Amino acid sequence: MAEYKTIRFRLNGRPVELAVQPHENLVEALRRGFQMYSVRESCGQGLCGCCTVYVNGKAVSGCLYLAALVDGCDVQTVEGLGTLQQLSPVQEAFIECEGFQCGFCTPGMIMMATQLLQENPNPTDEEIKHYMSGNLCRCAAYPEIIAAVHRAAEKLRASKETDAAADKAATVAG
Ligand code: FES
Ligand code: FES
């Protein structure tokens, strides 16, 4: 009989628990336990990036990550980046720039692009290609994806400037 272990972790900011088998990977657990269907397994070998999620804030390949290892961790999927009412700037930019065709690779692309922009707010084309080289798109929507990352970078820089201006105004007023 299959052996199960109950793990507890935070999924998109909310505490959850799930009984998992020792061999179950994170993609299978997130889809089976929480209907996180954005997380997709394609190659199953860590080569395509479709299964990218964050564990403790860092992107990992969910197909190679044992679910049991996220016990006590913070896990984030693309569902946790924004809401239907308020998409994240990267999600908005992918829509505005048509950064997908079939959309199969899109959640993983958005996760990697978000992490890239946290580390490098103003990347060049070459830096985007290098950083996201582990995310494959079978539809070859790469020009639109690169445009989307630049658009998202602009949005994030603009929102930081707005926040800084608001902080300055509050300081002056206070
Ligand atoms: S399905 Fe995990 S990298 Fe391809
Ligand atoms: S949009 Fe089709 S695989 Fe990327």
# chains A, B, ... in the order shown; residues from 1 in each chain; ligands from 1

$ select_by_dssp --residues "chain A" --states "alpha helix (DSSP H)" --output "ChimeraX atom specification"
/A:26-34,89-96,106-119,125-131,142-173

$ residues_around --residues "range 27-40 of chain A" --least-positions-apart "3" --cutoff "6 Å" --atoms "only C-alpha atoms" --output "PyMOL selection string"
chain A and resi 50-51+62-63

$ residues_near_ligand --ligand "ligand 1" --cutoff "10 Å" --atoms "only C-alpha atoms and all ligand atoms" --output "list in words"
Asn25, Leu26, Val27, Val39, Arg40, Glu41, Ser42, Cys43, Gly44, Gln45, Gly46, Leu47, Cys48, Gly49, Cys50, Cys51, Thr52, Val53, Val60, Ser61, Gly62, Cys63, Leu64, Tyr65, Cys105, Gly108, Gly134, Asn135 and Leu136 of chain A

$ residues_around --residues "Asp74 in chain A" --least-positions-apart "3" --cutoff "12 Å" --atoms "only C-alpha atoms" --output "PyMOL selection string"
chain A and resi 8-16+53-59+69-71+77+80

$ residues_near_ligand --ligand "ligand 2" --cutoff "8 Å" --atoms "only C-alpha atoms and all ligand atoms" --output "PDB file with N, CA and C atoms, in the first residue's frame"
ATOM      1  N   GLY A  99       2.189  38.117 -25.477  1.00  0.00           N
ATOM      2  CA  GLY A  99       3.376  37.300 -25.227  1.00  0.00           C
ATOM      3  C   GLY A  99       3.090  35.814 -25.133  1.00  0.00           C
ATOM      4  N   PHE A 100       2.088  35.343 -25.799  1.00  0.00           N
ATOM      5  CA  PHE A 100       1.793  33.907 -25.822  1.00  0.00           C
ATOM      6  C   PHE A 100       0.900  33.636 -27.019  1.00  0.00           C
ATOM      7  N   GLN A 101       0.897  32.385 -27.435  1.00  0.00           N
ATOM      8  CA  GLN A 101      -0.032  31.981 -28.495  1.00  0.00           C
ATOM      9  C   GLN A 101      -0.952  30.893 -27.934  1.00  0.00           C
ATOM     10  N   CYS A 102      -0.392  29.713 -27.626  1.00  0.00           N
ATOM     11  CA  CYS A 102      -1.246  28.706 -26.997  1.00  0.00           C
ATOM     12  C   CYS A 102      -1.342  28.925 -25.490  1.00  0.00           C
ATOM     13  N   GLY A 103      -0.326  29.541 -24.918  1.00  0.00           N
ATOM     14  CA  GLY A 103      -0.349  29.825 -23.490  1.00  0.00           C
ATOM     15  C   GLY A 103       0.169  28.715 -22.599  1.00  0.00           C
ATOM     16  N   PHE A 104       0.575  27.573 -23.170  1.00  0.00           N
ATOM     17  CA  PHE A 104       1.006  26.454 -22.326  1.00  0.00           C
ATOM     18  C   PHE A 104       2.224  26.819 -21.483  1.00  0.00           C
ATOM     19  N   CYS A 105       3.156  27.544 -22.100  1.00  0.00           N
ATOM     20  CA  CYS A 105       4.406  27.897 -21.402  1.00  0.00           C
ATOM     21  C   CYS A 105       4.248  29.153 -20.546  1.00  0.00           C
ATOM     22  N   THR A 106       3.136  29.865 -20.711  1.00  0.00           N
ATOM     23  CA  THR A 106       3.023  31.228 -20.177  1.00  0.00           C
ATOM     24  C   THR A 106       3.181  31.335 -18.658  1.00  0.00           C
ATOM     25  N   LEU A 136      11.033  27.212 -22.523  1.00  0.00           N
ATOM     26  CA  LEU A 136      10.835  27.006 -23.959  1.00  0.00           C
ATOM     27  C   LEU A 136       9.385  27.273 -24.348  1.00  0.00           C
ATOM     28  N   CYS A 137       9.214  27.845 -25.546  1.00  0.00           N
ATOM     29  CA  CYS A 137       7.878  28.086 -26.084  1.00  0.00           C
ATOM     30  C   CYS A 137       7.798  27.397 -27.432  1.00  0.00           C
ATOM     31  N   ARG A 138       6.924  26.416 -27.504  1.00  0.00           N
ATOM     32  CA  ARG A 138       6.823  25.641 -28.737  1.00  0.00           C
ATOM     33  C   ARG A 138       6.214  26.450 -29.880  1.00  0.00           C
ATOM     34  N   CYS A 139       5.481  27.507 -29.541  1.00  0.00           N
ATOM     35  CA  CYS A 139       4.869  28.355 -30.569  1.00  0.00           C
ATOM     36  C   CYS A 139       5.844  29.414 -31.068  1.00  0.00           C
ATOM     37  N   ALA A 140       7.025  29.481 -30.445  1.00  0.00           N
ATOM     38  CA  ALA A 140       8.040  30.466 -30.834  1.00  0.00           C
ATOM     39  C   ALA A 140       7.527  31.897 -30.734  1.00  0.00           C
ATOM     40  N   ALA A 141       6.841  32.180 -29.638  1.00  0.00           N
ATOM     41  CA  ALA A 141       6.346  33.551 -29.415  1.00  0.00           C
ATOM     42  C   ALA A 141       7.435  34.411 -28.767  1.00  0.00           C
TER      43      ALA A 141
END

$ closest_residue --among "A:Gln85, A:Thr171, A:Ser159, A:Thr6" --to "Gly72 in chain A" --atoms "only C-alpha atoms"
A:Thr6

$ atom_distance --atom1 "CA of Ala93 in chain A" --atom2 "CA of Arg151 in chain A"
5.7 Å

$ residues_around --residues "range 81-84 of chain A" --least-positions-apart "5" --cutoff "10 Å" --atoms "only C-alpha atoms" --output "VMD selection string"
chain A and resid 12 76 89 to 92 110 to 111 114

$ write_last_selection --atoms "N, CA, C and O atoms" --output "compact mmCIF listing (two decimals), in the first residue's frame"
# COMPACT_ATOMS: atom_id res chain seq x y z
N ASN A 12 0.62 30.29 -1.94
CA ASN A 12 0.15 31.63 -2.31
C ASN A 12 -0.34 32.39 -1.08
O ASN A 12 -1.40 33.04 -1.10
N GLN A 76 4.79 29.48 -4.21
CA GLN A 76 3.98 30.45 -4.95
C GLN A 76 3.85 30.00 -6.40
O GLN A 76 4.83 29.56 -7.02
N PRO A 89 1.90 43.42 -12.83
CA PRO A 89 2.39 44.14 -14.01
C PRO A 89 2.93 43.19 -15.08
O PRO A 89 2.77 43.45 -16.29
N VAL A 90 3.55 42.10 -14.67
CA VAL A 90 4.09 41.16 -15.68
C VAL A 90 2.94 40.45 -16.39
O VAL A 90 2.96 40.27 -17.62
N GLN A 91 1.93 40.06 -15.63
CA GLN A 91 0.77 39.42 -16.27
C GLN A 91 0.10 40.38 -17.25
O GLN A 91 -0.25 40.00 -18.38
N GLU A 92 -0.07 41.64 -16.83
CA GLU A 92 -0.68 42.64 -17.73
C GLU A 92 0.15 42.79 -19.00
O GLU A 92 -0.39 42.85 -20.11
N ILE A 110 6.00 33.76 -17.05
CA ILE A 110 5.67 34.90 -16.18
C ILE A 110 6.40 34.77 -14.83
O ILE A 110 6.90 35.76 -14.29
N MET A 111 6.49 33.56 -14.32
CA MET A 111 7.22 33.38 -13.05
C MET A 111 8.69 33.76 -13.23
O MET A 111 9.26 34.48 -12.41
N THR A 114 9.13 37.54 -13.75
CA THR A 114 8.94 38.27 -12.49
C THR A 114 10.20 38.22 -11.65
O THR A 114 10.65 39.23 -11.11

$ select_by_dssp --residues "chain A" --states "strand (DSSP E)" --output "list in words"
Lys5, Thr6, Ile7, Arg8, Phe9, Arg10, Leu11, Arg14, Pro15, Val16, Glu17, Leu18, Ala19, Val20, Thr52, Val53, Tyr54, Val55, Lys58, Ala59, Val60, Ser61, Asp74, Val75 and Gln76 of chain A

$ write_last_selection --atoms "C-alpha atoms" --output "tab-separated table (two decimals), in the first residue's frame"
chain	number	residue	atom	x	y	z
A	5	LYS	CA	3.12	11.76	4.58
A	6	THR	CA	1.17	14.88	5.53
A	7	ILE	CA	3.04	18.07	4.71
A	8	ARG	CA	2.10	21.60	5.76
A	9	PHE	CA	3.18	24.68	3.85
A	10	ARG	CA	1.98	28.08	2.66
A	11	LEU	CA	0.53	28.16	-0.84
A	14	ARG	CA	-2.38	30.67	2.77
A	15	PRO	CA	-1.57	27.75	5.11
A	16	VAL	CA	-2.43	24.36	3.58
A	17	GLU	CA	-1.75	20.70	4.16
A	18	LEU	CA	-1.71	17.66	1.92
A	19	ALA	CA	-0.93	13.97	2.20
A	20	VAL	CA	1.72	13.16	-0.41
A	52	THR	CA	8.23	26.78	-12.77
A	53	VAL	CA	7.03	27.76	-9.30
A	54	TYR	CA	8.72	29.55	-6.40
A	55	VAL	CA	9.80	27.73	-3.27
A	58	LYS	CA	13.21	31.14	-5.68
A	59	ALA	CA	12.15	29.60	-8.99
A	60	VAL	CA	12.37	25.80	-9.14
A	61	SER	CA	11.29	23.17	-11.65
A	74	ASP	CA	6.42	29.11	1.10
A	75	VAL	CA	5.21	28.01	-2.34
A	76	GLN	CA	3.98	30.45	-4.95

$ atom_distance --atom1 "CA of Glu154 in chain A" --atom2 "CA of Tyr142 in chain A"
18.5 Å

$ closest_residue --among "A:Val172, A:Cys73, A:Met109, A:Ala147" --to "Thr124 in chain A" --atoms "only C-alpha atoms"
A:Ala147
